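Colleague: Structure file query.csv (CSV, C-alpha atoms) is given on the next line.
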chain,number,residue,atom,x,y,z
A,1,MET,CA,0.0,0.0,0.0
A,2,LYS,CA,1.2,3.5,-0.8
A,3,VAL,CA,0.7,5.8,2.1
A,4,LYS,CA,2.1,9.2,0.9
A,5,LEU,CA,0.3,10.7,-2.1
A,6,SER,CA,3.4,12.3,-3.4
A,7,LYS,CA,6.3,14.6,-2.5
A,8,GLY,CA,7.2,18.0,-3.7
A,9,LEU,CA,10.7,18.8,-4.9
A,10,GLY,CA,12.6,21.7,-6.4
A,11,GLU,CA,10.9,24.5,-8.3
A,12,PHE,CA,7.2,24.0,-9.1
A,13,PHE,CA,4.0,25.8,-9.7
A,14,ALA,CA,0.6,25.2,-8.2
A,15,LEU,CA,-2.5,24.4,-10.3
A,16,ASP,CA,-6.0,24.8,-9.0
A,17,ILE,CA,-8.7,23.5,-11.5
A,18,GLY,CA,-12.1,24.8,-10.4
A,19,THR,CA,-15.5,24.2,-11.8
A,20,LYS,CA,-15.3,27.2,-14.1
A,21,ASN,CA,-11.8,28.6,-13.6
A,22,ILE,CA,-8.2,27.6,-13.8
A,23,ARG,CA,-5.6,29.3,-11.4
A,24,VAL,CA,-1.8,28.9,-11.4
A,25,VAL,CA,0.7,30.3,-9.0
A,26,GLN,CA,4.5,30.1,-8.7
A,27,LEU,CA,6.2,31.5,-5.6
A,28,SER,CA,9.8,31.9,-4.6
A,29,GLY,CA,11.0,31.8,-1.0
A,30,SER,CA,9.8,29.8,2.0
A,31,VAL,CA,8.2,30.3,5.4
A,32,GLY,CA,11.6,31.1,6.9
A,33,ARG,CA,12.9,33.4,4.2
A,34,GLY,CA,9.5,35.0,3.2
A,35,TRP,CA,7.4,34.5,0.1
A,36,GLU,CA,7.3,36.4,-3.1
A,37,LEU,CA,4.9,36.0,-6.1
A,38,LYS,CA,6.8,35.1,-9.2
A,39,HIS,CA,4.0,34.3,-11.6
A,40,TYR,CA,0.3,33.8,-11.6
A,41,GLY,CA,-2.4,33.0,-14.1
A,42,TYR,CA,-6.2,32.9,-14.2
A,43,ALA,CA,-8.7,31.9,-16.9
A,44,GLU,CA,-12.5,31.4,-17.0
A,45,VAL,CA,-13.5,28.3,-19.0
A,46,GLU,CA,-16.7,26.7,-19.9
A,47,ARG,CA,-17.9,24.3,-17.2
A,48,GLY,CA,-18.6,21.6,-19.8
A,49,MET,CA,-14.9,21.6,-20.9
A,50,LEU,CA,-13.7,20.7,-17.4
A,51,LEU,CA,-16.2,17.9,-17.1
A,52,ASP,CA,-15.6,16.5,-20.6
A,53,ASP,CA,-13.3,13.4,-20.2
A,54,SER,CA,-13.3,12.6,-23.9
A,55,ASP,CA,-10.1,12.8,-26.0
A,56,ILE,CA,-11.5,16.0,-27.6
A,57,GLY,CA,-12.4,17.5,-24.2
A,58,ARG,CA,-9.0,16.7,-22.8
A,59,GLU,CA,-7.3,18.3,-25.9
A,60,LYS,CA,-9.3,21.5,-25.5
A,61,PHE,CA,-8.5,21.6,-21.8
A,62,GLY,CA,-4.8,21.1,-22.5
A,63,GLU,CA,-4.8,24.0,-25.0
A,64,VAL,CA,-6.4,26.4,-22.5
A,65,LEU,CA,-4.1,25.2,-19.7
A,66,LYS,CA,-1.0,25.7,-21.7
A,67,GLN,CA,-2.1,29.2,-22.7
A,68,VAL,CA,-2.7,30.1,-19.1
A,69,ILE,CA,0.7,28.8,-18.0
A,70,MET,CA,2.6,30.4,-21.0
A,71,LYS,CA,0.8,33.8,-20.5
A,72,ALA,CA,1.7,33.7,-16.7
A,73,GLY,CA,5.4,33.2,-17.5
A,74,ILE,CA,5.7,29.9,-15.5
A,75,ASP,CA,9.2,28.7,-15.9
A,76,THR,CA,9.0,25.1,-14.7
A,77,ASP,CA,7.1,21.9,-15.8
A,78,ASN,CA,6.9,20.6,-12.2
A,79,VAL,CA,3.4,21.1,-10.8
A,80,ALA,CA,1.5,20.6,-7.5
A,81,ILE,CA,-2.2,20.0,-8.1
A,82,GLY,CA,-5.2,20.3,-6.0
A,83,ILE,CA,-7.8,17.6,-5.7
A,84,PRO,CA,-11.4,18.7,-5.3
A,85,SER,CA,-12.4,18.1,-1.7
A,86,ASN,CA,-15.5,16.2,-2.7
A,87,LYS,CA,-13.1,13.6,-4.2
A,88,VAL,CA,-11.2,13.2,-1.0
A,89,PHE,CA,-12.4,11.4,2.1
A,90,THR,CA,-10.9,13.0,5.3
A,91,THR,CA,-11.4,11.9,8.9
A,92,VAL,CA,-9.8,12.2,12.3
A,93,VAL,CA,-9.4,9.0,14.3
A,94,ASP,CA,-8.1,8.2,17.8
A,95,VAL,CA,-5.3,5.5,18.1
A,96,PRO,CA,-3.1,4.5,21.1
A,97,ASN,CA,-0.3,6.9,21.9
A,98,GLN,CA,2.9,5.8,20.0
A,99,SER,CA,6.0,7.2,18.4
A,100,SER,CA,6.1,8.4,14.8
A,101,ASP,CA,8.1,5.3,13.8
A,102,GLU,CA,5.5,3.0,15.5
A,103,LEU,CA,2.7,4.8,13.8
A,104,LYS,CA,4.3,4.4,10.4
A,105,LYS,CA,4.5,0.7,11.0
A,106,THR,CA,1.0,0.1,12.4
A,107,ILE,CA,-1.2,2.6,10.5
A,108,LYS,CA,-1.1,0.7,7.2
A,109,TYR,CA,-2.8,-2.2,8.9
A,110,GLN,CA,-5.6,-0.1,10.4
A,111,ILE,CA,-6.5,2.2,7.5
A,112,ASP,CA,-9.1,-0.1,6.0
A,113,GLN,CA,-11.2,0.3,9.2
A,114,TYR,CA,-11.6,4.0,8.6
A,115,ILE,CA,-11.8,4.8,4.8
A,116,PRO,CA,-14.9,4.0,2.7
A,117,MET,CA,-13.0,2.3,-0.1
A,118,ASN,CA,-10.7,-0.7,-0.6
A,119,VAL,CA,-7.2,0.2,0.5
A,120,ALA,CA,-5.9,-1.4,-2.7
A,121,ASP,CA,-8.0,1.1,-4.7
A,122,ALA,CA,-6.9,4.2,-3.0
A,123,LYS,CA,-4.0,6.5,-2.2
A,124,VAL,CA,-3.9,7.4,1.5
A,125,ASP,CA,-2.0,10.0,3.5
A,126,TYR,CA,-2.0,10.6,7.2
A,127,VAL,CA,-0.6,13.0,9.8
A,128,SER,CA,-0.4,12.8,13.6
A,129,LEU,CA,-2.3,15.7,15.3
A,130,GLY,CA,-1.1,15.0,18.9
A,131,VAL,CA,-2.8,13.9,22.0
A,132,SER,CA,-6.6,13.4,21.8
A,133,PRO,CA,-8.7,16.0,23.7
A,134,ARG,CA,-11.0,13.2,24.8
A,135,ASN,CA,-8.5,10.7,26.2
A,136,ASN,CA,-4.9,11.5,27.0
A,137,THR,CA,-3.9,7.8,26.4
A,138,THR,CA,-4.7,8.2,22.7
A,139,MET,CA,-3.6,10.4,19.9
A,140,GLU,CA,-5.4,12.0,17.0
A,141,VAL,CA,-4.5,11.0,13.4
A,142,MET,CA,-5.9,12.6,10.3
A,143,LEU,CA,-6.4,10.3,7.4
A,144,ALA,CA,-7.1,11.4,3.8
A,145,SER,CA,-7.8,9.1,0.9
A,146,VAL,CA,-8.6,9.5,-2.8
A,147,SER,CA,-9.4,6.8,-5.3
A,148,ASN,CA,-6.7,5.6,-7.6
A,149,GLU,CA,-9.0,6.0,-10.6
A,150,TYR,CA,-9.5,9.7,-10.0
A,151,SER,CA,-5.9,10.5,-9.1
A,152,GLU,CA,-4.4,8.5,-11.9
A,153,ASN,CA,-6.7,10.0,-14.5
A,154,ARG,CA,-5.7,13.5,-13.3
A,155,LEU,CA,-2.0,12.4,-13.3
A,156,GLU,CA,-2.3,11.0,-16.8
A,157,LEU,CA,-4.0,14.1,-18.2
A,158,LEU,CA,-1.2,16.4,-17.0
A,159,GLU,CA,1.7,14.1,-17.8
A,160,ASN,CA,0.4,13.7,-21.4
A,161,LEU,CA,0.6,17.5,-21.6
A,162,GLY,CA,4.3,17.4,-20.6
A,163,TYR,CA,4.0,18.3,-16.9
A,164,ASN,CA,5.6,16.5,-14.0
A,165,VAL,CA,3.2,16.1,-11.1
A,166,ILE,CA,5.2,16.2,-8.0
A,167,ALA,CA,2.4,16.6,-5.4
A,168,MET,CA,-1.3,16.1,-5.0
A,169,GLU,CA,-3.3,17.6,-2.2
A,170,SER,CA,-6.9,18.1,-1.1
A,171,ASP,CA,-8.1,21.7,-1.9
A,172,SER,CA,-9.2,22.1,1.7
A,173,LEU,CA,-5.8,21.4,3.1
A,174,ALA,CA,-4.2,23.7,0.6
A,175,MET,CA,-6.7,26.4,1.5
A,176,ALA,CA,-6.0,26.0,5.2
A,177,ARG,CA,-2.3,26.5,4.6
A,178,ALA,CA,-3.0,29.8,2.8
A,179,ILE,CA,-5.4,31.5,5.1
A,180,PHE,CA,-4.7,30.2,8.7
A,181,SER,CA,-1.8,31.3,10.8
A,182,PRO,CA,-0.3,28.4,12.8
A,183,ASP,CA,0.6,30.9,15.6
A,184,VAL,CA,-3.1,31.5,16.5
A,185,PRO,CA,-4.1,29.1,19.3
A,186,ASP,CA,-7.8,29.6,18.9
A,187,ALA,CA,-10.2,27.5,16.7
A,188,VAL,CA,-10.9,29.3,13.4
A,189,LEU,CA,-13.5,28.4,10.8
A,190,GLY,CA,-12.6,28.6,7.1
A,191,ILE,CA,-15.3,28.9,4.4
A,192,ASP,CA,-14.2,28.6,0.8
A,193,MET,CA,-17.2,28.9,-1.5
A,194,GLY,CA,-16.8,27.5,-5.0
A,195,GLU,CA,-19.2,27.4,-7.9
A,196,SER,CA,-21.1,24.2,-6.9
A,197,SER,CA,-20.1,23.5,-3.3
A,198,THR,CA,-18.3,25.0,-0.3
A,199,ASP,CA,-15.2,23.7,1.5
A,200,VAL,CA,-15.3,24.1,5.3
A,201,VAL,CA,-12.3,23.7,7.5
A,202,ILE,CA,-12.0,24.2,11.2
A,203,TYR,CA,-8.4,24.8,12.2
A,204,TYR,CA,-7.2,24.4,15.8
A,205,ASN,CA,-3.9,24.0,17.5
A,206,LYS,CA,-1.8,24.2,14.3
A,207,ALA,CA,-3.8,21.7,12.3
A,208,PRO,CA,-7.1,21.3,10.4
A,209,ARG,CA,-9.5,19.3,12.7
A,210,ILE,CA,-12.7,19.2,10.7
A,211,ILE,CA,-12.8,19.1,6.9
A,212,ARG,CA,-16.1,19.0,5.0
A,213,THR,CA,-17.5,19.8,1.6
A,214,ILE,CA,-21.0,21.0,1.9
A,215,PRO,CA,-23.7,21.5,-0.8
A,216,GLY,CA,-24.3,25.0,-1.9
A,217,GLY,CA,-22.0,27.2,-3.9
A,218,PHE,CA,-22.2,30.5,-5.9
A,219,GLY,CA,-24.0,28.7,-8.8
A,220,GLN,CA,-26.7,27.3,-6.6
A,221,VAL,CA,-27.4,30.7,-5.0
A,222,ALA,CA,-27.5,32.3,-8.5
A,223,LYS,CA,-29.9,29.6,-9.7
A,224,GLY,CA,-32.2,30.1,-6.7
A,225,ILE,CA,-32.3,33.9,-7.3
A,226,ALA,CA,-33.0,33.4,-11.0
A,227,SER,CA,-35.9,31.0,-10.2
A,228,GLN,CA,-37.5,33.2,-7.5
A,229,LEU,CA,-37.2,36.5,-9.4
A,230,GLY,CA,-38.0,35.0,-12.8
A,231,ILE,CA,-34.8,36.3,-14.5
A,232,ARG,CA,-32.0,34.6,-16.5
A,233,GLU,CA,-29.3,32.9,-14.5
A,234,ASP,CA,-26.6,35.1,-16.1
A,235,GLN,CA,-28.5,38.2,-14.9
A,236,ALA,CA,-28.8,36.7,-11.4
A,237,ARG,CA,-25.0,36.1,-11.3
A,238,GLN,CA,-24.3,39.7,-12.4
A,239,PHE,CA,-26.7,41.1,-9.7
A,240,LEU,CA,-25.2,38.9,-7.1
A,241,LEU,CA,-21.6,39.9,-7.9
A,242,LYS,CA,-22.5,43.6,-8.2
A,243,PHE,CA,-25.0,44.2,-5.4
A,244,GLY,CA,-24.4,41.0,-3.3
A,245,LEU,CA,-26.6,40.6,-0.2
A,246,VAL,CA,-26.9,44.3,0.6
A,247,GLN,CA,-30.6,44.7,1.7
A,248,ASP,CA,-31.1,48.2,0.5
A,249,LYS,CA,-30.3,47.5,-3.2
A,250,LEU,CA,-33.0,46.5,-5.7
A,251,GLU,CA,-35.6,46.8,-2.9
A,252,GLY,CA,-33.9,43.9,-1.1
A,253,GLN,CA,-35.0,41.4,-3.7
A,254,ILE,CA,-31.6,39.8,-4.2
A,255,PHE,CA,-31.1,39.4,-0.5
A,256,LYS,CA,-34.5,37.8,0.0
A,257,ALA,CA,-34.1,35.4,-2.9
A,258,ALA,CA,-30.5,34.5,-1.8
A,259,ASP,CA,-31.7,34.0,1.8
A,260,GLY,CA,-34.2,31.4,0.6
A,261,ALA,CA,-31.6,29.7,-1.6
A,262,MET,CA,-29.1,29.3,1.2
A,263,VAL,CA,-31.2,27.5,3.8
A,264,GLN,CA,-29.5,24.1,3.3
A,265,PHE,CA,-26.1,25.7,3.1
A,266,PHE,CA,-26.4,27.2,6.6
A,267,THR,CA,-28.0,24.0,7.9
A,268,GLU,CA,-24.9,22.0,6.9
A,269,LEU,CA,-22.5,24.7,8.0
A,270,LYS,CA,-24.1,24.8,11.5
A,271,LYS,CA,-23.9,21.0,11.7
A,272,THR,CA,-20.2,21.2,11.0
A,273,ILE,CA,-19.7,23.7,13.8
A,274,ASN,CA,-21.8,21.6,16.2
A,275,PHE,CA,-19.8,18.5,15.4
A,276,PHE,CA,-16.5,20.3,16.2
A,277,GLN,CA,-17.8,21.6,19.4
A,278,MET,CA,-19.1,18.1,20.5
A,279,ARG,CA,-15.6,16.6,19.9
A,280,TYR,CA,-13.6,19.6,21.2
A,281,THR,CA,-15.6,20.6,24.2
A,282,ASN,CA,-14.7,23.9,25.8
A,283,VAL,CA,-13.0,25.0,22.6
A,284,PRO,CA,-15.1,27.9,21.2
A,285,ILE,CA,-14.6,28.9,17.5
A,286,LYS,CA,-13.3,32.5,18.0
A,287,SER,CA,-13.4,33.7,14.3
A,288,ALA,CA,-14.2,32.7,10.8
A,289,ILE,CA,-12.5,33.5,7.5
A,290,THR,CA,-14.2,33.5,4.0
A,291,THR,CA,-12.5,33.0,0.7
A,292,GLY,CA,-13.7,32.2,-2.9
A,293,PHE,CA,-17.1,33.6,-3.7
A,294,ALA,CA,-17.9,33.9,0.0
A,295,GLY,CA,-15.2,36.6,0.1
A,296,THR,CA,-16.1,38.1,-3.3
A,297,VAL,CA,-19.9,38.6,-3.1
A,298,PRO,CA,-20.7,41.9,-1.4
A,299,PHE,CA,-22.1,41.5,2.2
A,300,MET,CA,-21.8,37.6,2.0
A,301,THR,CA,-19.2,37.7,4.8
A,302,GLU,CA,-21.4,39.8,7.0
A,303,TYR,CA,-24.4,37.6,6.3
A,304,ILE,CA,-22.5,34.5,7.3
A,305,GLU,CA,-21.5,36.2,10.5
A,306,MET,CA,-25.1,36.9,11.2
A,307,GLN,CA,-26.1,33.3,10.6
A,308,VAL,CA,-23.4,31.6,12.7
A,309,SER,CA,-22.8,34.2,15.3
A,310,ILE,CA,-19.0,34.1,14.9
A,311,PRO,CA,-16.9,37.2,14.0
A,312,THR,CA,-16.2,36.7,10.3
A,313,THR,CA,-13.7,38.5,8.0
A,314,ILE,CA,-12.7,38.1,4.3
A,315,GLY,CA,-9.5,36.0,4.1
A,316,ASN,CA,-6.5,37.2,2.2
A,317,PRO,CA,-4.4,34.3,0.8
A,318,TRP,CA,-1.7,36.8,-0.1
A,319,HIS,CA,-1.3,38.2,3.4
A,320,ASP,CA,2.3,37.0,3.9
A,321,ILE,CA,3.4,37.2,0.2
A,322,LYS,CA,5.3,40.0,-1.4
A,323,VAL,CA,3.4,41.1,-4.5
A,324,ASN,CA,4.5,43.9,-6.8
A,325,GLU,CA,2.2,46.9,-7.3
A,326,THR,CA,1.2,45.9,-10.8
A,327,MET,CA,0.2,42.4,-9.8
A,328,GLN,CA,-1.7,43.7,-6.8
A,329,GLN,CA,-3.9,45.8,-9.0
A,330,GLN,CA,-4.5,43.0,-11.4
A,331,LEU,CA,-5.3,40.5,-8.7
A,332,LEU,CA,-7.6,42.9,-6.7
A,333,PRO,CA,-11.0,41.6,-8.2
A,334,ILE,CA,-10.1,37.9,-7.9
A,335,ALA,CA,-7.6,37.8,-5.0
A,336,SER,CA,-9.9,35.9,-2.7
A,337,GLU,CA,-10.3,33.1,-5.2
A,338,PHE,CA,-6.6,32.0,-5.0
A,339,ALA,CA,-6.6,30.4,-1.6
A,340,VAL,CA,-6.1,26.8,-2.9
A,341,ALA,CA,-3.5,27.8,-5.5
A,342,VAL,CA,-1.5,29.8,-3.0
A,343,GLY,CA,-1.7,27.0,-0.4
A,344,LEU,CA,-0.4,24.5,-2.9
A,345,ALA,CA,2.4,26.8,-3.9
A,346,LYS,CA,3.5,27.0,-0.2
A,347,ARG,CA,4.1,23.3,0.0
A,348,ARG,CA,7.8,24.1,-0.3
A,349,SER,CA,8.0,24.3,3.5
A,350,ASP,CA,6.6,20.8,3.8
A,351,VAL,CA,9.2,19.0,1.7
As structure tokens, please, write out the structure in this file.

Modeller:
Amino acid sequence: MKVKLSKGLGEFFALDIGTKNIRVVQLSGSVGRGWELKHYGYAEVERGMLLDDSDIGREKFGEVLKQVIMKAGIDTDNVAIGIPSNKVFTTVVDVPNQSSDELKKTIKYQIDQYIPMNVADAKVDYVSLGVSPRNNTTMEVMLASVSNEYSENRLELLENLGYNVIAMESDSLAMARAIFSPDVPDAVLGIDMGESSTDVVIYYNKAPRIIRTIPGGFGQVAKGIASQLGIREDQARQFLLKFGLVQDKLEGQIFKAADGAMVQFFTELKKTINFFQMRYTNVPIKSAITTGFAGTVPFMTEYIEMQVSIPTTIGNPWHDIKVNETMQQQLLPIASEFAVAVGLAKRRSDV
């Protein structure tokens, strides 16, 4: 059984393939020396293209990806790629306290108890999180698994385009690396809203503790608004991005329609918070950070704060990265969407 998904090495760039967008980032530096943005790229693509697994579909995707990378000025073929969180099963389990060497020897015989797939059909990674808060004779271990079929298809696609995949990682873990500070001892909630779903991470004591993908993304909210107001979906998207959830715009119609479309979203978000608080009793979530569309749609961050009663701010994936003034201006409208790509690009400190 292969435990580690892959290891990063040398110069590389990060690739985040979303539902409707492609993002690439290449950084220089490290945690110790400081980070600097070398190159970045961004392209909107048709959703159908990213879902088309035919030879023609792969060819079209390859052409777009190469154009993005070339235009960005990326100067390496080594790439770290994100895996959509809904393709990754992640869980935290308690095992008897043991050394890292002992854990390495024993965990491979226990993994099949915890993941919902045959070990032979999956790539699995794990990390020790320290002593369990529920029993000091046990330790917490986070397990992450992805099917061989999905990871190998993604690997094959990129290698056929001439790229060398040196690391694969869950989008949620990459996002956590970008927006959370390991120096903050409090529990923090991360909410990264994508096109069709939202990644939720609760970070505590220098590590992600809860990772979930919940239904409800920007696209679902836009569809709900379009249906309730009887307008086209593209119009709903434009209204949502321009006016957001501000209640005094368009007589509050966008807010009311979005409020109705997000009922399930908040039900699942609150379930995640409650699950964390049941496991980690007496550990309140002190703050929340939004990225993706949750940080782009006007008043979405404030609305989330109202719903979950946790102080919430828009996350800045670039907070500890030196970015020249020209790039800062270019990135301004889409900066919040780069959490996954930036987190992947920071893997340098992990290798």

Colleague: Show me the residues close to (-9.2, 22.3, 10.6) - anything with an atom within 9 Å, counting all atoms listed in the file - and format the list as an NGL selection string.

Modeller: :A and (172-173 or 176 or 187-190 or 200-211)

Colleague: Just the residues within 8 Å of A:Thr291, please, counting only C-alpha atoms, with nothing from its chain fewer than 4 positions along; format it as a list in words.

Modeller: Gly190, Ile191, Asp192, Met193, Gly295, Thr296, Ile314, Gly315, Asn316, Ser336, Glu337 and Ala339 of chain A

Colleague: Using atom CA of A:Thr106 and atom CA of A:Thr138 as the two end points, give the distance in Å to one decimal.

Modeller: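 Separating atom CA of A:Thr106 from atom CA of A:Thr138 is a distance of 14.3 Å.
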
Colleague: Using only C-alpha atoms, which of A:Asp77, A:Asp320, A:Glu63, A:Glu11 sits nearest A:Tyr163?

Modeller: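 The closest residue to A:Tyr163 is A:Asp77.
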
Colleague: Give the answer as one residue: which of A:Tyr126, A:Phe275, A:Tyr303, A:Trp35 has the shortest atom-to-atom distance to A:Phe255, using all atoms listed in the file?

Modeller: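 The answer is A:Tyr303, which sits nearest to A:Phe255.
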
Colleague: With all atoms listed in the file counted, which protein, DNA or RNA residues have an atom no more than 6 Å from (-3.9, 20.4, -19.0) in the file frame? Please answer as a ChimeraX atom specification.

Modeller: /A:61-62,65,158,161

Colleague: Go ahead and dump the residues you just picked, C-alpha atoms, as a PDB file, in the coordinates of the input.

Modeller:
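File written: out.pdb
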ATOM      1  CA  PHE A  61      -8.500  21.600 -21.800  1.00  0.00           C
ATOM      2  CA  GLY A  62      -4.800  21.100 -22.500  1.00  0.00           C
ATOM      3  CA  LEU A  65      -4.100  25.200 -19.700  1.00  0.00           C
ATOM      4  CA  LEU A 158      -1.200  16.400 -17.000  1.00  0.00           C
ATOM      5  CA  LEU A 161       0.600  17.500 -21.600  1.00  0.00           C
TER       6      LEU A 161
END

Colleague: Could you tell me how far atom CA of A:Ala144 lies from atom CA of A:Ser28, in Å and to one decimal?

Modeller: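 Between atom CA of A:Ala144 and atom CA of A:Ser28 the gap works out to 27.9 Å.
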
Colleague: Might you pull out every residue within 10 Å of A:Met327, with all atoms listed in the file counted and same-chain residues fewer than 6 positions away left off, and present them as a list in words?

Modeller: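 Skipping anything fewer than 6 positions along the chain leaves Leu37, Lys38, His39 and Tyr40 of chain A.
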
Colleague: Kindly indicate which residue among A:Ser147, A:Gly162, A:Asp94, A:Gly34 lies nearest to A:Gly130, using all atoms listed in the file for the distances.

Modeller: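 Residue with the minimum atom-to-atom distance to A:Gly130: A:Asp94.
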
Colleague: Of the candidates A:Ser30, A:Thr198, A:Asn78, A:Ser151, which one gets nearest to A:Phe12 if we count all atoms listed in the file?

Modeller: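 The answer is A:Asn78, which sits nearest to A:Phe12.
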
Colleague: Grab the atom CA of A:Asp121 to atom CA of A:Glu149 distance for me, in Å with one decimal place.

Modeller: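 Interatomic distance, atom CA of A:Asp121 to atom CA of A:Glu149: 7.7 Å.
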
Colleague: With all atoms listed in the file as the atoms that count, which of A:Phe218, A:Tyr114, A:Phe89, A:Phe266 lies nearest to A:Lys20?

Modeller: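 Among the listed residues, the smallest separation from A:Lys20 belongs to A:Phe218.
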
Colleague: Which residue gives the smallest distance to A:Val31 among A:Val92, A:Ser181, A:Leu103, A:Val64, with all atoms listed in the file counted?

Modeller: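 Among the listed residues, A:Ser181 lies closest to A:Val31.
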
Colleague: Please provide as a VMD selection string all residues within 7 Å of A:Ala222, with the sequence filter that same-chain residues fewer than 6 positions apart are discarded (counting all atoms listed in the file).

Modeller: chain A and resid 233 236 to 237
